[in-house]
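Dropping protein.txt in here (compact mmCIF, C-alpha atoms):
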```
# COMPACT_ATOMS: atom_id res chain seq x y z
CA MET P 181 57.57 239.42 -73.24
CA THR P 182 57.48 235.72 -72.29
CA GLN P 183 59.34 236.20 -69.01
CA GLN P 184 57.33 239.30 -68.08
CA LEU P 185 54.03 237.53 -68.74
CA THR P 186 55.15 234.43 -66.83
CA ASP P 187 56.10 236.59 -63.83
CA ALA P 188 52.81 238.50 -63.91
CA LEU P 189 50.82 235.26 -64.14
CA GLY P 190 52.36 234.24 -60.82
CA ASP P 191 50.53 237.07 -59.04
CA LYS P 192 48.45 235.59 -56.20
CA ALA P 193 45.55 237.93 -57.05
CA LEU P 194 44.82 235.72 -60.08
CA GLY P 195 44.15 232.62 -58.00
CA LYS P 196 45.03 229.06 -58.98
CA ARG P 197 43.25 228.59 -62.33
CA VAL P 198 44.53 230.90 -65.04
CA GLY P 199 44.59 230.51 -68.81
CA ALA P 200 46.67 232.86 -70.96
CA VAL P 201 47.33 233.08 -74.69
CA VAL P 202 48.83 235.64 -77.06
CA VAL P 203 48.32 234.95 -80.77
CA ASP P 204 49.82 236.53 -83.88
CA ALA P 205 46.67 237.79 -85.61
CA ALA P 206 48.09 237.42 -89.12
CA THR P 207 49.38 233.85 -88.82
CA GLY P 208 47.25 232.45 -85.97
CA GLN P 209 50.42 231.20 -84.28
CA ARG P 210 50.72 231.28 -80.50
CA VAL P 211 53.27 233.82 -79.31
CA PHE P 212 52.72 232.87 -75.67
CA ALA P 213 50.65 230.21 -73.93
CA SER P 214 49.97 229.05 -70.40
CA ASN P 215 47.10 226.63 -69.67
CA ALA P 216 45.89 227.68 -73.09
CA ASP P 217 43.38 224.90 -73.65
CA ILE P 218 41.61 224.53 -70.30
CA GLY P 219 37.97 225.60 -70.22
CA ILE P 220 37.52 228.58 -67.90
CA VAL P 221 34.35 230.44 -66.87
CA PRO P 222 34.55 233.36 -69.33
CA ALA P 223 32.04 235.79 -67.75
CA SER P 224 31.30 238.66 -70.17
CA THR P 225 34.04 237.76 -72.65
CA THR P 226 31.33 235.31 -73.80
CA LYS P 227 29.89 238.36 -75.61
CA ILE P 228 32.76 238.11 -78.12
CA VAL P 229 31.48 234.65 -79.07
CA THR P 230 27.85 235.79 -79.28
CA SER P 231 28.76 238.88 -81.30
CA ALA P 232 30.91 237.01 -83.81
CA ALA P 233 28.15 234.43 -84.32
CA ALA P 234 25.52 237.17 -84.78
CA LEU P 235 27.59 239.01 -87.38
CA ALA P 236 28.40 235.80 -89.28
CA SER P 237 24.87 234.36 -89.17
CA LEU P 238 22.62 237.41 -89.44
CA GLY P 239 24.95 239.70 -91.36
CA PRO P 240 26.11 243.15 -90.17
CA ASP P 241 23.24 245.08 -91.76
CA THR P 242 20.25 243.06 -90.50
CA ARG P 243 17.75 244.92 -88.29
CA LEU P 244 15.24 243.65 -85.72
CA SER P 245 11.67 244.77 -86.39
CA THR P 246 8.88 245.51 -83.92
CA ARG P 247 5.50 245.50 -85.66
CA VAL P 248 1.82 246.13 -85.16
CA VAL P 249 -0.56 243.98 -87.20
CA GLN P 250 -4.30 243.60 -87.66
CA GLY P 251 -5.91 241.33 -85.07
CA ARG P 252 -8.14 238.36 -85.80
CA THR P 253 -11.33 240.34 -85.13
CA PRO P 254 -12.40 243.74 -86.50
CA GLY P 255 -11.08 246.61 -84.39
CA SER P 256 -8.34 244.51 -82.80
CA ILE P 257 -4.60 245.03 -83.24
CA VAL P 258 -1.51 243.13 -82.05
CA LEU P 259 1.87 244.50 -80.96
CA VAL P 260 4.40 241.90 -82.13
CA GLY P 261 7.83 241.66 -80.48
CA GLY P 262 10.74 241.01 -82.83
CA GLY P 263 13.37 240.64 -80.16
CA ASP P 264 14.67 244.21 -79.95
CA PRO P 265 15.33 244.85 -76.23
CA MET P 266 16.65 248.37 -76.92
CA LEU P 267 13.25 249.56 -78.18
CA SER P 268 12.84 252.83 -76.30
CA GLY P 269 9.71 253.54 -74.31
CA PRO P 270 7.95 256.87 -73.75
CA ALA P 271 10.09 257.84 -70.73
CA ALA P 272 13.45 257.15 -72.42
CA LYS P 273 15.83 259.91 -73.42
CA PRO P 274 18.33 257.97 -75.55
CA THR P 275 21.73 259.61 -75.66
CA THR P 276 23.95 256.66 -76.51
CA TYR P 277 24.98 255.38 -79.93
CA PRO P 278 23.26 253.75 -81.71
CA LYS P 279 19.92 255.55 -81.50
CA PRO P 280 17.31 252.87 -80.70
CA ALA P 281 13.98 252.28 -82.36
CA SER P 282 11.12 254.14 -80.64
CA LEU P 283 7.82 252.82 -79.34
CA ALA P 284 6.39 256.36 -79.73
CA VAL P 285 7.26 256.36 -83.44
CA LEU P 286 5.61 252.95 -83.79
CA ALA P 287 2.47 254.30 -82.08
CA ALA P 288 2.41 257.35 -84.34
CA ARG P 289 2.74 255.22 -87.49
CA THR P 290 0.08 252.78 -86.30
CA ALA P 291 -2.32 255.58 -85.36
CA ALA P 292 -1.88 257.19 -88.78
CA THR P 293 -2.73 253.90 -90.54
CA LEU P 294 -5.77 253.30 -88.32
CA LYS P 295 -7.10 256.82 -88.89
CA LYS P 296 -6.81 256.32 -92.65
CA GLN P 297 -9.01 253.24 -92.19
CA GLY P 298 -11.49 255.28 -90.15
CA VAL P 299 -10.68 253.36 -86.94
CA LYS P 300 -10.62 255.39 -83.73
CA LYS P 301 -10.94 252.68 -81.06
CA VAL P 302 -9.14 249.33 -80.82
CA THR P 303 -8.62 246.30 -78.65
CA LEU P 304 -4.89 245.71 -78.12
CA GLY P 305 -3.14 242.36 -77.73
CA TYR P 306 0.58 241.59 -77.66
CA ASP P 307 2.58 238.70 -79.09
CA SER P 308 5.97 237.83 -77.63
CA SER P 309 5.93 234.21 -78.83
CA LEU P 310 9.04 234.57 -81.01
CA TYR P 311 11.12 233.34 -78.06
CA THR P 312 10.49 230.05 -76.27
CA GLY P 313 11.62 228.35 -73.08
CA SER P 314 12.66 229.88 -69.78
CA PRO P 315 13.29 233.65 -69.66
CA ILE P 316 16.00 233.02 -67.06
CA GLY P 317 19.28 231.46 -68.10
CA PRO P 318 20.90 228.23 -66.89
CA GLY P 319 23.61 228.97 -64.34
CA TRP P 320 22.21 232.43 -63.57
CA LYS P 321 22.31 233.51 -59.95
CA PRO P 322 18.91 234.41 -58.44
CA SER P 323 20.25 237.90 -57.67
CA TYR P 324 20.95 238.89 -61.30
CA ILE P 325 17.45 240.20 -62.09
CA PRO P 326 16.75 241.93 -58.73
CA ASP P 327 20.22 243.53 -58.87
CA GLY P 328 19.51 244.90 -62.34
CA ASN P 329 22.18 242.92 -64.22
CA VAL P 330 19.62 241.65 -66.72
CA ALA P 331 15.87 241.39 -67.34
CA PRO P 332 13.93 238.17 -67.99
CA VAL P 333 14.51 237.49 -71.70
CA HIS P 334 11.42 238.13 -73.85
CA ALA P 335 10.85 238.95 -77.53
CA LEU P 336 8.93 242.10 -76.58
CA ALA P 337 10.39 244.65 -74.16
CA ILE P 338 11.11 248.36 -73.89
CA ASP P 339 14.20 249.94 -72.35
CA GLU P 340 15.67 246.46 -71.76
CA GLY P 341 12.94 245.68 -69.25
CA ARG P 342 13.82 248.60 -66.99
CA GLN P 343 11.01 250.22 -65.02
CA ASN P 344 12.89 253.52 -65.25
CA PRO P 345 15.00 253.67 -68.43
CA ALA P 346 17.69 255.71 -66.65
CA ARG P 347 18.27 253.08 -63.94
CA SER P 348 19.39 249.47 -64.17
CA GLN P 349 16.98 248.40 -61.42
CA PRO P 350 14.25 247.50 -60.82
CA ARG P 351 13.54 245.35 -63.86
CA VAL P 352 9.88 244.69 -64.60
CA ALA P 353 8.52 241.19 -63.91
CA ASN P 354 6.60 240.99 -67.21
CA PRO P 355 8.41 243.01 -69.93
CA PRO P 356 5.91 242.20 -72.76
CA GLN P 357 2.88 243.34 -70.75
CA PHE P 358 4.74 246.45 -69.56
CA ALA P 359 5.64 247.34 -73.16
CA ALA P 360 2.05 246.79 -74.36
CA ALA P 361 0.63 248.99 -71.57
CA ALA P 362 3.03 251.78 -72.56
CA PHE P 363 2.03 251.35 -76.20
CA ALA P 364 -1.68 251.68 -75.32
CA LYS P 365 -1.01 255.02 -73.59
CA LEU P 366 0.94 256.27 -76.60
CA LEU P 367 -1.88 255.28 -78.98
CA SER P 368 -4.37 257.28 -76.93
CA ARG P 369 -1.98 260.25 -77.12
CA TYR P 370 -2.19 259.96 -80.91
CA GLY P 371 -5.98 259.86 -80.90
CA ILE P 372 -6.68 256.11 -80.84
CA ALA P 373 -8.69 254.89 -77.83
CA VAL P 374 -7.71 251.47 -76.47
CA SER P 375 -10.17 249.17 -74.70
CA LYS P 376 -9.26 247.90 -71.24
CA GLY P 377 -7.88 244.41 -70.92
CA ILE P 378 -4.58 244.11 -72.81
CA ALA P 379 -3.78 240.41 -73.14
CA PRO P 380 -1.26 238.11 -74.81
CA VAL P 381 -2.45 236.76 -78.18
CA LYS P 382 -0.92 235.05 -81.21
CA ALA P 383 -0.75 237.26 -84.28
CA GLY P 384 -1.94 235.76 -87.55
CA GLN P 385 0.93 234.85 -89.88
CA SER P 386 -0.51 236.76 -92.81
CA ALA P 387 -2.01 239.61 -90.76
CA ALA P 388 -1.83 243.03 -92.42
CA GLU P 389 0.93 245.28 -91.06
CA LEU P 390 -0.21 248.58 -89.56
CA GLY P 391 3.16 249.93 -88.43
CA LYS P 392 6.80 248.95 -88.00
CA VAL P 393 10.05 250.25 -86.51
CA ASP P 394 13.52 248.78 -87.02
CA SER P 395 16.45 248.51 -84.64
CA PRO P 396 19.89 249.80 -85.60
CA PRO P 397 21.84 247.32 -87.77
CA VAL P 398 23.44 244.29 -86.12
CA TYR P 399 26.97 245.71 -86.45
CA ALA P 400 25.94 248.73 -84.33
CA LEU P 401 24.13 246.48 -81.84
CA VAL P 402 27.28 244.36 -81.52
CA GLU P 403 29.45 247.42 -80.96
CA HIS P 404 27.10 248.62 -78.21
CA ALA P 405 26.87 245.17 -76.58
CA LEU P 406 30.66 244.85 -76.42
CA THR P 407 31.53 248.42 -75.39
CA PHE P 408 29.00 248.56 -72.56
CA SER P 409 28.83 244.81 -71.80
CA ASP P 410 25.08 244.85 -72.43
CA ASN P 411 23.61 241.59 -71.13
CA ASP P 412 20.06 242.08 -72.44
CA LEU P 413 21.22 242.89 -75.96
CA SER P 414 23.65 239.95 -76.00
CA GLU P 415 20.88 237.54 -75.02
CA ALA P 416 18.71 238.95 -77.82
CA LEU P 417 21.51 238.48 -80.36
CA ALA P 418 21.98 234.83 -79.30
CA ARG P 419 18.26 234.19 -79.85
CA GLN P 420 18.33 235.87 -83.25
CA VAL P 421 21.16 233.51 -84.22
CA ALA P 422 19.00 230.58 -83.04
CA LEU P 423 16.11 231.73 -85.25
CA LYS P 424 18.37 232.20 -88.28
CA GLU P 425 20.01 228.80 -87.78
CA GLY P 426 16.69 226.95 -87.42
CA GLN P 427 16.94 226.33 -83.67
CA PRO P 428 14.31 227.19 -81.03
CA ALA P 429 14.78 230.76 -79.80
CA SER P 430 15.67 229.62 -76.28
CA PHE P 431 18.83 229.51 -74.18
CA GLU P 432 19.52 225.95 -75.35
CA GLY P 433 18.75 226.77 -78.98
CA GLY P 434 20.94 229.86 -78.82
CA GLY P 435 23.89 227.89 -77.44
CA LYS P 436 23.57 225.23 -80.16
CA ALA P 437 23.16 227.78 -82.95
CA VAL P 438 26.12 229.92 -81.86
CA LEU P 439 28.35 226.82 -81.80
CA ALA P 440 27.12 225.76 -85.26
CA VAL P 441 28.06 229.17 -86.68
CA LEU P 442 31.50 229.04 -85.04
CA LYS P 443 32.03 225.58 -86.54
CA ARG P 444 31.37 227.03 -89.99
CA LEU P 445 33.97 229.71 -89.24
CA GLY P 446 36.43 227.03 -88.05
CA ALA P 447 36.52 228.66 -84.61
CA SER P 448 34.51 226.42 -82.28
CA ARG P 449 37.35 224.60 -80.55
CA GLY P 450 37.44 225.23 -76.80
CA ILE P 451 34.07 227.02 -76.71
CA GLN P 452 30.95 225.86 -74.84
CA VAL P 453 28.19 228.38 -74.09
CA TYR P 454 24.82 228.20 -72.35
CA ASP P 455 23.79 231.84 -72.69
CA GLY P 456 24.64 234.88 -74.79
CA SER P 457 25.77 237.32 -72.12
CA GLY P 458 28.23 235.31 -70.04
CA LEU P 459 26.20 235.56 -66.85
CA SER P 460 25.96 231.76 -66.81
CA THR P 461 28.50 230.05 -64.58
CA LYS P 462 28.14 226.95 -66.81
CA ASN P 463 29.96 228.54 -69.79
CA ARG P 464 33.48 227.32 -70.51
CA ILE P 465 35.89 228.89 -72.98
CA SER P 466 39.62 228.30 -73.39
CA ALA P 467 42.01 231.24 -73.65
CA ASP P 468 43.20 229.81 -76.97
CA GLY P 469 39.65 229.60 -78.38
CA LEU P 470 38.92 233.19 -77.39
CA ALA P 471 42.19 234.71 -78.65
CA LYS P 472 41.85 232.90 -81.98
CA LEU P 473 38.26 234.09 -82.39
CA VAL P 474 39.37 237.71 -81.81
CA ALA P 475 42.09 237.19 -84.45
CA LEU P 476 39.50 235.83 -86.89
CA ALA P 477 37.22 238.83 -86.23
CA GLY P 478 40.02 241.22 -87.12
CA SER P 479 41.07 239.30 -90.23
CA PRO P 480 40.81 240.86 -93.72
CA LYS P 481 39.22 237.54 -94.77
CA HIS P 482 36.19 238.24 -92.54
CA PRO P 483 35.11 241.87 -93.03
CA GLU P 484 31.62 240.92 -91.78
CA LEU P 485 33.12 240.33 -88.31
CA HIS P 486 35.01 243.61 -87.94
CA ALA P 487 32.45 245.12 -85.54
CA VAL P 488 33.82 242.72 -82.90
CA ALA P 489 37.13 244.61 -83.00
CA SER P 490 35.61 248.09 -83.31
CA GLY P 491 33.15 247.37 -80.50
CA MET P 492 35.73 246.44 -77.90
CA PRO P 493 36.36 249.06 -75.20
CA ILE P 494 39.51 251.17 -75.56
CA ALA P 495 41.77 250.86 -72.51
CA GLY P 496 41.36 253.84 -70.20
CA PHE P 497 38.82 255.57 -72.44
CA THR P 498 35.58 253.83 -73.36
CA GLY P 499 32.93 251.48 -72.03
CA THR P 500 33.92 249.02 -69.31
CA LEU P 501 37.59 250.07 -69.65
CA GLY P 502 36.77 253.78 -69.35
CA ASN P 503 35.42 253.84 -65.79
CA GLY P 504 38.52 255.40 -64.24
CA ARG P 505 39.54 252.12 -62.56
CA ARG P 506 41.03 250.22 -65.47
CA PHE P 507 44.51 250.85 -66.87
CA SER P 508 45.11 253.33 -64.07
CA GLY P 509 48.03 251.58 -62.32
CA SER P 510 51.67 252.58 -62.81
CA ASP P 511 52.27 249.27 -64.64
CA SER P 512 49.44 249.75 -67.18
CA LYS P 513 48.42 253.42 -67.57
CA GLY P 514 51.19 254.01 -70.13
CA GLN P 515 49.32 251.64 -72.48
CA ALA P 516 45.94 253.37 -72.12
CA GLY P 517 44.56 253.88 -75.61
CA LEU P 518 46.79 251.15 -77.06
CA VAL P 519 44.69 248.14 -76.08
CA ARG P 520 41.15 247.21 -77.16
CA ALA P 521 39.62 244.49 -75.02
CA LYS P 522 36.44 242.97 -73.64
CA THR P 523 36.20 242.61 -69.89
CA GLY P 524 34.58 239.80 -67.93
CA THR P 525 33.57 239.93 -64.27
CA LEU P 526 31.60 237.53 -62.06
CA ASN P 527 32.16 236.48 -58.46
CA ASN P 528 35.70 234.98 -58.38
CA VAL P 529 36.00 235.39 -62.16
CA ASN P 530 38.03 238.05 -64.02
CA THR P 531 38.80 237.83 -67.75
CA LEU P 532 40.17 240.14 -70.45
CA ALA P 533 40.43 239.38 -74.16
CA GLY P 534 41.28 241.68 -77.03
CA LEU P 535 43.97 243.01 -79.31
CA ALA P 536 47.02 245.26 -79.36
CA THR P 537 49.81 246.23 -81.74
CA THR P 538 53.34 245.46 -80.58
CA LYS P 539 56.23 247.91 -80.95
CA ASP P 540 57.35 246.23 -84.16
CA GLY P 541 53.88 246.78 -85.68
CA ARG P 542 52.58 243.24 -85.26
CA LEU P 543 48.86 242.86 -84.47
CA VAL P 544 48.38 240.34 -81.69
CA THR P 545 45.29 239.10 -79.89
CA PHE P 546 45.21 237.86 -76.33
CA ALA P 547 43.01 236.23 -73.71
CA PHE P 548 43.78 236.23 -69.99
CA MET P 549 41.25 234.30 -67.91
CA ALA P 550 40.99 233.39 -64.22
CA ASP P 551 38.01 231.75 -62.48
CA GLN P 552 39.32 231.14 -58.96
CA VAL P 553 40.10 234.75 -58.13
CA PRO P 554 40.25 235.44 -54.36
CA LEU P 555 39.11 239.08 -54.61
CA SER P 556 39.81 241.04 -57.81
CA ALA P 557 42.42 240.42 -60.49
CA GLU P 558 41.53 243.35 -62.76
CA PRO P 559 44.80 245.28 -62.14
CA VAL P 560 46.83 242.15 -62.98
CA LEU P 561 44.86 241.56 -66.18
CA ASP P 562 45.50 245.18 -67.18
CA ARG P 563 49.21 244.67 -66.46
CA LEU P 564 49.28 241.53 -68.65
CA ALA P 565 47.62 243.36 -71.56
CA ALA P 566 49.98 246.31 -71.09
CA ILE P 567 53.00 243.98 -71.28
CA VAL P 568 51.69 242.70 -74.63
CA ALA P 569 51.12 246.24 -75.94
CA ARG P 570 54.61 247.48 -75.07
CA SER P 571 56.50 244.36 -76.17
```
Can you present the structure in this file as structure tokens?
Amino acid sequence: MTQQLTDALGDKALGKRVGAVVVDAATGQRVFASNADIGIVPASTTKIVTSAAALASLGPDTRLSTRVVQGRTPGSIVLVGGGDPMLSGPAAKPTTYPKPASLAVLAARTAATLKKQGVKKVTLGYDSSLYTGSPIGPGWKPSYIPDGNVAPVHALAIDEGRQNPARSQPRVANPPQFAAAAFAKLLSRYGIAVSKGIAPVKAGQSAAELGKVDSPPVYALVEHALTFSDNDLSEALARQVALKEGQPASFEGGGKAVLAVLKRLGASRGIQVYDGSGLSTKNRISADGLAKLVALAGSPKHPELHAVASGMPIAGFTGTLGNGRRFSGSDSKGQAGLVRAKTGTLNNVNTLAGLATTKDGRLVTFAFMADQVPLSAEPVLDRLAAIVARS
């Protein structure tokens, strides 16, 4: 394996800065290493870090709640964002696992409570103050939002800030206001009239709850984020970690909180993150840090982290490895189905980190990372992972 990997790493398609590590998952020992400890722009393999921190900090079964509470004046209500970007709006037709929470269900529950109270007309406000700081990440390119890679990060959004839930672009400029306007229409459908003028407000801390919907559990959110490389969901998870760890729910707070959780796990070495999704070009992760974190996530000692392994795309079949392009070459298609790995792609950056079982039954984890790629190194990364899987 060592010679084959060394030869493949010499491929010019990888560029001049490449980190590579293969680790025995059971012992944590390096099986192979090349530039193992240099910090490389990780792109979306950052989601492994965010996901592991979310599972360790929040717990696999935690859910994110979107609520409606009584306003400060009679006849007023407040839609309160809890940080669930997958909350589905009225135009969504969710077909993917896990089934998201529904704004329509929240409207129906709220309307039923209001009718019991004899209320038929309300003034609606919305509260998205759970998150603080800039909604746009450090090191994000100005094109990310217009191109539909991600929406501005807010605690209240529907359909991940998409104007049309079936399309990645355009993203709406003000996700909380867009969600509140959709909620007002749904309330009227359920027999509650809403006054004009929907505005941001701060909900009272002890305000009575009128309705609530919960997201799928964190383990299912993590699996979705990793399989489909979901940027919006990953940013939400980073902010939830910040809240749990007592940091501000901002990009900076998320980065600090994620690192604090990894330190508790003994897995922070070689990891520096500025966002949750990996869109930031400021992130730096070493191949060794990433491969060891994947090994930890698959360890029997950390059952709470297992959704990291189960959420990774299966080579040639699911998510970002199931698009027909990956593991399709003559030097990698024989290992389709035998590798689980998270992809990472930015301009001049290609990364792949995951796990495979060798022919002698040994579980190994790997990270192959390049951030000076001339064009695309995806076929070479697939070849490297395939070498590991057939060794």
> List as a PyMOL selection string: which residues have an atom within 6 Å of (46.3, 238.3, -75.2), counting all atoms listed in the file?
Replying inline: chain P and resi 201-202+545-547
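Going from CA of Ala337 in chain P over to CA of Ala440 in chain P, you cover 27.6 Å.
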> Which neighbours of Ala437 in chain P fall inside 9 Å, counting all atoms listed in the file, when residues of the same chain fewer than 6 positions from it are skipped, and could you give them as a ChimeraX atom specification?
Replying inline: /P:233,418-419,421-427
> Counting only C-alpha atoms, what is within 8 Å of Lys279 in chain P, bar same-chain residues fewer than 4 positions away, as a list in words?
Replying inline: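 Here the answer would be Pro274, Thr275 and Pro396 of chain P.
Each of P:Ser256, P:Pro554, P:Val299, P:Gly517 was checked against Lys196 in chain P using all atoms listed in the file; the smallest atom-to-atom distance is that of P:Pro554.
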> Do you know which residues are at most 12 Å from range 185-192 of chain P counting all atoms listed in the file, after dropping those on the same chain fewer than 6 positions away, and could you put them as a ChimeraX atom specification?
Replying inline: /P:198-202,211-215,511,546,548-550,552-571
>> Please determine, counting all atoms listed in the file, which residue among P:Pro397, P:Gly491, P:Gly261, P:Gly391 has the shortest atom-to-atom distance to Asp307 in chain P.
In response: P:Gly261
> Leaving out Tyr311 in chain P and any residue of its chain fewer than 6 positions from it, which residues lie within 7 Å of it when counting all atoms listed in the file, given as a list in words?
Replying inline: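 After dropping sequence-adjacent residues, the list is His334, Ala335, Ala429 and Ser430 of chain P.
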>> Given all atoms listed in the file as the basis, pick out the residue of P:Ile218, P:Ala346, P:Val203, P:Val248 nearest to Ala272 in chain P.
In response: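 Ranking P:Ile218, P:Ala346, P:Val203, P:Val248 by distance to Ala272 in chain P, first place goes to P:Ala346.
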Once you count only C-alpha atoms, what closest atom pair and distance in Å to one decimal does each residue of range 467-510 of chain P within 9 Å of range 399-412 of chain P have, with rows by chain and rising residue number, as JSON lines?
```
{"residue": "P:Glu484", "atom": "CA", "partner": "P:Tyr399", "partner_atom": "CA", "distance": 8.5}
{"residue": "P:Leu485", "atom": "CA", "partner": "P:Tyr399", "partner_atom": "CA", "distance": 8.4}
{"residue": "P:His486", "atom": "CA", "partner": "P:Tyr399", "partner_atom": "CA", "distance": 8.4}
{"residue": "P:Ala487", "atom": "CA", "partner": "P:Tyr399", "partner_atom": "CA", "distance": 5.6}
{"residue": "P:Val488", "atom": "CA", "partner": "P:Glu403", "partner_atom": "CA", "distance": 6.7}
{"residue": "P:Ala489", "atom": "CA", "partner": "P:Glu403", "partner_atom": "CA", "distance": 8.4}
{"residue": "P:Ser490", "atom": "CA", "partner": "P:Glu403", "partner_atom": "CA", "distance": 6.6}
{"residue": "P:Gly491", "atom": "CA", "partner": "P:Glu403", "partner_atom": "CA", "distance": 3.7}
{"residue": "P:Met492", "atom": "CA", "partner": "P:Thr407", "partner_atom": "CA", "distance": 5.3}
{"residue": "P:Pro493", "atom": "CA", "partner": "P:Thr407", "partner_atom": "CA", "distance": 4.9}
{"residue": "P:Ile494", "atom": "CA", "partner": "P:Thr407", "partner_atom": "CA", "distance": 8.4}
{"residue": "P:Thr498", "atom": "CA", "partner": "P:Thr407", "partner_atom": "CA", "distance": 7.1}
{"residue": "P:Gly499", "atom": "CA", "partner": "P:Thr407", "partner_atom": "CA", "distance": 4.8}
{"residue": "P:Thr500", "atom": "CA", "partner": "P:Phe408", "partner_atom": "CA", "distance": 5.9}
{"residue": "P:Leu501", "atom": "CA", "partner": "P:Thr407", "partner_atom": "CA", "distance": 8.5}
```
>> Can you pull out the residues contacting Leu543 in chain P? Cut-off 9 Å, using only C-alpha atoms, and skip same-chain residues under 4 positions away; I want them as a PyMOL selection string.
In response: chain P and resi 203-206+475+535-538
>> Around the point (22.7, 239.3, -62.0) (coordinates from the file), which residues reach within 12 Å if we count only C-alpha atoms? Answer as JSON, numbers by chain.
In response: {"P": [223, 224, 316, 317, 319, 320, 321, 322, 323, 324, 325, 326, 327, 328, 329, 330, 331, 332, 348, 349, 350, 351, 411, 412, 457, 458, 459, 460, 461, 525, 526, 527]}
